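Next up, coords21.cif (mmCIF, C-alpha atoms):
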```cif
data_model
loop_
_atom_site.group_PDB
_atom_site.id
_atom_site.type_symbol
_atom_site.label_atom_id
_atom_site.label_comp_id
_atom_site.auth_asym_id
_atom_site.auth_seq_id
_atom_site.Cartn_x
_atom_site.Cartn_y
_atom_site.Cartn_z
ATOM 1 C CA ARG C 1 -18.831 -2.400 -15.331
ATOM 2 C CA LEU C 2 -17.233 -3.335 -12.063
ATOM 3 C CA ILE C 3 -15.995 -0.488 -9.892
ATOM 4 C CA ILE C 4 -13.694 -1.200 -6.974
ATOM 5 C CA GLY C 5 -12.225 1.819 -5.264
ATOM 6 C CA LYS C 6 -12.255 3.913 -2.132
ATOM 7 C CA GLN C 7 -15.293 2.925 -0.091
ATOM 8 C CA THR C 8 -16.023 6.471 1.087
ATOM 9 C CA VAL C 9 -15.932 7.846 -2.457
ATOM 10 C CA MET C 10 -18.374 5.160 -3.632
ATOM 11 C CA GLN C 11 -20.630 5.806 -0.620
ATOM 12 C CA ILE C 12 -20.730 9.521 -1.410
ATOM 13 C CA ALA C 13 -21.493 8.740 -5.082
ATOM 14 C CA VAL C 14 -24.547 6.619 -4.240
ATOM 15 C CA GLY C 15 -25.508 8.785 -1.246
ATOM 16 C CA ARG C 16 -25.204 7.984 2.433
ATOM 17 C CA SER C 17 -28.672 9.253 3.322
ATOM 18 C CA PRO C 18 -31.997 9.822 1.544
ATOM 19 C CA GLU C 19 -31.124 13.536 1.257
ATOM 20 C CA GLU C 20 -27.821 12.839 -0.534
ATOM 21 C CA GLU C 21 -28.950 10.067 -2.893
ATOM 22 C CA PRO C 22 -29.162 10.866 -6.630
ATOM 23 C CA GLN C 23 -31.933 8.271 -7.184
ATOM 24 C CA GLU C 24 -34.616 6.838 -4.903
ATOM 25 C CA ASN C 25 -33.429 4.124 -2.427
ATOM 26 C CA LEU C 26 -29.845 4.242 -3.769
ATOM 27 C CA HIS C 27 -28.476 5.286 -0.358
ATOM 28 C CA LYS C 28 -29.311 1.783 0.949
ATOM 29 C CA VAL C 29 -26.543 0.370 -1.258
ATOM 30 C CA SER C 30 -23.930 2.452 0.603
ATOM 31 C CA GLN C 31 -24.547 0.398 3.776
ATOM 32 C CA HIS C 32 -22.889 -2.577 2.028
ATOM 33 C CA LEU C 33 -19.807 -0.670 0.867
ATOM 34 C CA SER C 34 -17.219 -1.646 3.458
ATOM 35 C CA GLY C 35 -14.158 -3.870 3.444
ATOM 36 C CA SER C 36 -13.469 -5.532 0.104
ATOM 37 C CA SER C 37 -16.508 -4.499 -1.896
ATOM 38 C CA GLY C 38 -17.397 -2.847 -5.159
ATOM 39 C CA LEU C 39 -20.247 -1.826 -7.434
ATOM 40 C CA LEU C 40 -21.334 -3.807 -10.490
ATOM 41 C CA PHE C 41 -23.319 -2.076 -13.228
ATOM 42 C CA SER C 42 -24.931 -4.307 -15.829
ATOM 43 C CA SER C 43 -27.708 -4.328 -18.399
ATOM 44 C CA LYS C 44 -28.150 -8.107 -17.997
ATOM 45 C CA PRO C 45 -31.137 -9.552 -16.140
ATOM 46 C CA LYS C 46 -30.779 -9.839 -12.360
ATOM 47 C CA GLN C 47 -31.073 -13.651 -12.355
ATOM 48 C CA ASP C 48 -28.253 -14.025 -14.916
ATOM 49 C CA ILE C 49 -25.941 -11.994 -12.661
ATOM 50 C CA ILE C 50 -26.953 -13.971 -9.550
ATOM 51 C CA ASP C 51 -26.394 -17.297 -11.353
ATOM 52 C CA PHE C 52 -22.972 -16.187 -12.632
ATOM 53 C CA PHE C 53 -21.714 -15.163 -9.195
ATOM 54 C CA ALA C 54 -23.160 -18.282 -7.559
ATOM 55 C CA SER C 55 -20.949 -20.464 -9.760
ATOM 56 C CA TYR C 56 -17.849 -18.234 -10.076
ATOM 57 C CA GLN C 57 -14.711 -18.968 -8.075
ATOM 58 C CA GLU C 58 -10.974 -18.701 -8.677
ATOM 59 C CA SER C 59 -8.032 -20.193 -6.875
ATOM 60 C CA ASP C 60 -5.973 -17.602 -5.019
ATOM 61 C CA PHE C 61 -2.954 -17.316 -2.765
ATOM 62 C CA VAL C 62 -3.673 -17.683 0.949
ATOM 63 C CA THR C 63 -2.973 -14.860 3.344
ATOM 64 C CA SER C 64 -1.801 -15.079 6.924
ATOM 65 C CA GLY C 65 -4.499 -16.106 9.348
ATOM 66 C CA GLU C 66 -6.243 -18.463 6.920
ATOM 67 C CA THR C 67 -6.275 -22.230 7.446
ATOM 68 C CA ALA C 68 -4.238 -24.568 5.234
ATOM 69 C CA ASP C 69 -6.364 -27.148 3.457
ATOM 70 C CA GLU C 70 -3.439 -29.418 2.570
ATOM 71 C CA ASP C 71 0.110 -30.263 3.589
ATOM 72 C CA VAL C 72 2.803 -28.501 1.556
ATOM 73 C CA VAL C 73 6.337 -29.912 1.666
ATOM 74 C CA ILE C 74 9.306 -28.607 -0.304
ATOM 75 C CA PRO C 75 11.546 -31.617 -1.069
ATOM 76 C CA ALA C 76 15.301 -31.488 -0.563
ATOM 77 C CA GLY C 77 17.235 -30.594 -3.701
ATOM 78 C CA PRO C 78 17.477 -27.798 -6.247
ATOM 79 C CA ILE C 79 14.663 -25.261 -6.279
ATOM 80 C CA PRO C 80 13.849 -22.865 -9.161
ATOM 81 C CA PHE C 81 15.102 -19.560 -7.775
ATOM 82 C CA GLN C 82 17.917 -17.210 -8.665
ATOM 83 C CA HIS C 83 20.915 -17.021 -6.357
ATOM 84 C CA THR C 84 19.794 -13.572 -5.200
ATOM 85 C CA MET C 85 16.806 -15.167 -3.423
ATOM 86 C CA VAL C 86 18.875 -17.204 -0.932
ATOM 87 C CA ASN C 87 18.882 -14.581 1.841
ATOM 88 C CA GLN C 88 15.164 -13.864 1.444
ATOM 89 C CA LEU C 89 14.321 -17.588 1.603
ATOM 90 C CA ARG C 90 16.500 -17.996 4.723
ATOM 91 C CA LYS C 91 14.714 -15.075 6.413
ATOM 92 C CA LEU C 92 11.443 -16.887 5.728
ATOM 93 C CA GLY C 93 12.789 -19.934 7.580
ATOM 94 C CA MET C 94 13.747 -22.191 4.676
ATOM 95 C CA PRO C 95 16.907 -24.320 4.949
ATOM 96 C CA VAL C 96 18.528 -23.235 1.678
ATOM 97 C CA MET C 97 22.081 -22.834 0.464
ATOM 98 C CA LEU C 98 23.896 -22.008 -2.736
ATOM 99 C CA LYS C 99 25.765 -24.858 -4.473
ATOM 100 C CA ASN C 100 27.504 -24.096 -7.776
ATOM 101 C CA ALA C 101 25.247 -21.057 -8.353
ATOM 102 C CA VAL C 102 22.117 -23.192 -7.835
ATOM 103 C CA VAL C 103 19.713 -22.630 -4.931
ATOM 104 C CA VAL C 104 19.322 -25.909 -3.048
ATOM 105 C CA CYS C 105 16.921 -26.846 -0.256
ATOM 106 C CA GLU C 106 19.199 -28.681 2.213
ATOM 107 C CA GLN C 107 16.461 -30.866 3.678
ATOM 108 C CA SER C 108 12.786 -31.507 3.151
ATOM 109 C CA HIS C 109 10.896 -28.472 4.491
ATOM 110 C CA THR C 110 7.260 -28.536 5.621
ATOM 111 C CA VAL C 111 5.753 -25.159 4.752
ATOM 112 C CA CYS C 112 2.331 -25.850 6.268
ATOM 113 C CA THR C 113 0.193 -28.710 7.536
ATOM 114 C CA LYS C 114 -3.488 -29.305 6.872
ATOM 115 C CA GLY C 115 -5.718 -27.493 9.380
ATOM 116 C CA ALA C 116 -2.961 -25.204 10.706
ATOM 117 C CA VAL C 117 -3.207 -21.416 10.599
ATOM 118 C CA ILE C 118 -0.922 -19.849 7.969
ATOM 119 C CA SER C 119 1.722 -17.409 9.233
ATOM 120 C CA PRO C 120 2.899 -14.404 7.169
ATOM 121 C CA GLU C 121 6.175 -16.223 6.388
ATOM 122 C CA GLN C 122 4.355 -19.346 5.224
ATOM 123 C CA ALA C 123 2.023 -17.265 3.042
ATOM 124 C CA LYS C 124 5.042 -15.614 1.394
ATOM 125 C CA ILE C 125 6.759 -18.978 0.753
ATOM 126 C CA LEU C 126 3.578 -20.415 -0.759
ATOM 127 C CA LYS C 127 3.285 -17.396 -3.035
ATOM 128 C CA LEU C 128 6.938 -17.632 -4.102
ATOM 129 C CA PHE C 129 6.389 -21.276 -5.057
ATOM 130 C CA GLY C 130 3.133 -20.439 -6.853
ATOM 131 C CA LYS C 131 1.038 -22.640 -4.550
ATOM 132 C CA ARG C 132 -2.579 -21.429 -4.521
ATOM 133 C CA LEU C 133 -4.380 -22.883 -1.516
ATOM 134 C CA GLY C 134 -7.019 -20.176 -1.185
ATOM 135 C CA GLU C 135 -10.228 -19.450 -3.020
ATOM 136 C CA PHE C 136 -11.664 -16.186 -4.306
ATOM 137 C CA LYS C 137 -15.477 -16.274 -4.409
ATOM 138 C CA PRO C 138 -17.310 -12.952 -4.640
ATOM 139 C CA SER C 139 -20.818 -12.651 -3.218
ATOM 140 C CA LEU C 140 -23.663 -10.325 -4.094
ATOM 141 C CA LYS C 141 -25.105 -8.335 -1.194
ATOM 142 C CA CYS C 142 -27.895 -6.306 -2.775
ATOM 143 C CA VAL C 143 -29.541 -5.190 -6.010
ATOM 144 C CA TRP C 144 -30.780 -1.753 -6.953
ATOM 145 C CA HIS C 145 -32.802 -1.203 -10.135
ATOM 146 C CA ASP C 146 -34.876 1.860 -11.045
ATOM 147 C CA GLY C 147 -35.627 2.886 -7.478
ATOM 148 C CA SER C 148 -36.252 -0.581 -6.078
ATOM 149 C CA TYR C 149 -33.752 -1.972 -3.570
ATOM 150 C CA GLU C 150 -33.457 -5.652 -2.678
ATOM 151 C CA GLU C 151 -31.101 -7.171 -0.135
ATOM 152 C CA LEU C 152 -29.766 -10.596 -1.173
ATOM 153 C CA VAL C 153 -27.945 -11.673 1.986
#
```

Just dump the structure as structure tokens.
Amino acid sequence: RLIIGKQTVMQIAVGRSPEEEPQENLHKVSQHLSGSSGLLFSSKPKQDIIDFFASYQESDFVTSGETADEDVVIPAGPIPFQHTMVNQLRKLGMPVMLKNAVVVCEQSHTVCTKGAVISPEQAKILKLFGKRLGEFKPSLKCVWHDGSYEELV
């Protein structure tokens, strides 16, 4: 089972101090519960879990502040959006117009260039066009098993 939720609730569940912990050394896990983190419960051997997470990665949409790893250019011409999207695309800085009920990009538009930092508007455009430039790769921080705690970082 993978549990991702409120960090404080998970910290309270595993105990924030030796006095609060339900099992020996479990409070040490709570130190790693901050930001985007969760708890994984498994009956599989530790090495199988470590090997799985070492090789697991998924493509994901970039968020603002990340660096573009390729140039993305929207060519001039029709683009696959409904007419109701014209105003939203214009607010994001795209040169679009409506021709015969078809959304058209008036000129070639560079969304981002390789090595540049992505702005919130660029991240939204990339998501609207389904362009996944980011990578999701979870990492294991620690292991707790029957009272023994091991830090993996």

Nearest to C:Met10, chosen from C:Ile74, C:Leu92, C:Leu40, C:Ala101, with all atoms listed in the file counted in the distances: C:Leu40

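By all atoms listed in the file, and with residues fewer than 5 positions from C:Val143 along its chain excluded, the set lying at most 9 Å from it is Val29, Lys46, Ser148, Tyr149, Glu150, Glu151 and Leu152 of chain C.
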
Expected file: the selected residues, C-alpha atoms, as a compact mmCIF listing (two decimals), in the frame of the given file:
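Okay, this is what ended up in result_7.txt:
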```txt
# COMPACT_ATOMS: atom_id res chain seq x y z
CA VAL C 29 -26.54 0.37 -1.26
CA LYS C 46 -30.78 -9.84 -12.36
CA SER C 148 -36.25 -0.58 -6.08
CA TYR C 149 -33.75 -1.97 -3.57
CA GLU C 150 -33.46 -5.65 -2.68
CA GLU C 151 -31.10 -7.17 -0.14
CA LEU C 152 -29.77 -10.60 -1.17
```

Exercise: stretch 121-129 of chain C partners within 9 Å, only C-alpha atoms, chain neighbours under 2 positions left out, as a list of chain:residue names: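 Final neighbour list, sorted by chain and number: C:Phe61, C:Val62, C:Thr63, C:Ser64, C:Val72, C:Pro80, C:Leu89, C:Lys91, C:Leu92, C:Gly93, C:Met94, C:Val111, C:Cys112, C:Ile118, C:Ser119, C:Lys131, C:Arg132, C:Leu133.
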
Reference answer for the PyMOL selection byres ((chain C and resi 136-139) around 7), as a compact mmCIF listing (two decimals) with C-alpha atoms, keeping the file's coordinate frame:
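Result written to result-v1.txt:
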```
# COMPACT_ATOMS: atom_id res chain seq x y z
CA PHE C 53 -21.71 -15.16 -9.20
CA TYR C 56 -17.85 -18.23 -10.08
CA GLN C 57 -14.71 -18.97 -8.07
CA GLU C 58 -10.97 -18.70 -8.68
CA SER C 59 -8.03 -20.19 -6.88
CA ASP C 60 -5.97 -17.60 -5.02
CA GLY C 134 -7.02 -20.18 -1.18
CA GLU C 135 -10.23 -19.45 -3.02
CA LEU C 140 -23.66 -10.32 -4.09
CA LYS C 141 -25.10 -8.34 -1.19
```

Find the axis-aligned box for stretch 50-67 of chain C, covering all its listed atoms and adding 3 Å on each side, and write its centre and edge lengths in Å to one decimal as lines of an AutoDock Vina configuration file.
```
center_x = -14.4
center_y = -18.1
center_z = -1.6
size_x = 31.2
size_y = 14.3
size_z = 28.0
```

Result set of the PyMOL selection byres ((chain C and resi 67-69) around 7) on the coordinates above, as a list of chain:residue names: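 Taken over the shown coordinates, the PyMOL selection byres ((chain C and resi 67-69) around 7) returns C:Gly65, C:Glu66, C:Glu70, C:Cys112, C:Thr113, C:Lys114, C:Gly115, C:Ala116, C:Val117, C:Ile118, C:Leu133.
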
Chain and number of each residue from the PyMOL selection byres ((chain C and resi 79) around 10), as number ranges by chain: C: 74-78, 80-82, 96, 102-105, 129

Residues within 10 Å of C:Leu33, all atoms listed in the file, excluding chain neighbours under 3 positions, as a PyMOL selection string: chain C and resi 4+6-11+28-30+36-39+141

Atomic distance atom CA of C:Ser17 - atom CA of C:Cys142, expressed in Å with one decimal: 16.7 Å

Interatomic distance, atom CA of C:Arg1 to atom CA of C:Ser42 (Å, one decimal):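 Distance between the two atoms: 6.4 Å.
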
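Of note, atom CA of C:Gln31 and atom CA of C:Glu19 are spaced 14.9 Å apart.
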
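Remark: for C:Thr110, the closest of the candidate residues C:Asp146, C:Gln88, C:Asp71, C:Glu20 is C:Asp71 (distances computed over all atoms listed in the file).
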
Distance criterion (all atoms listed in the file): nearest to C:His145 out of C:Ala13, C:Val73, C:Ala54, C:Leu26: C:Leu26
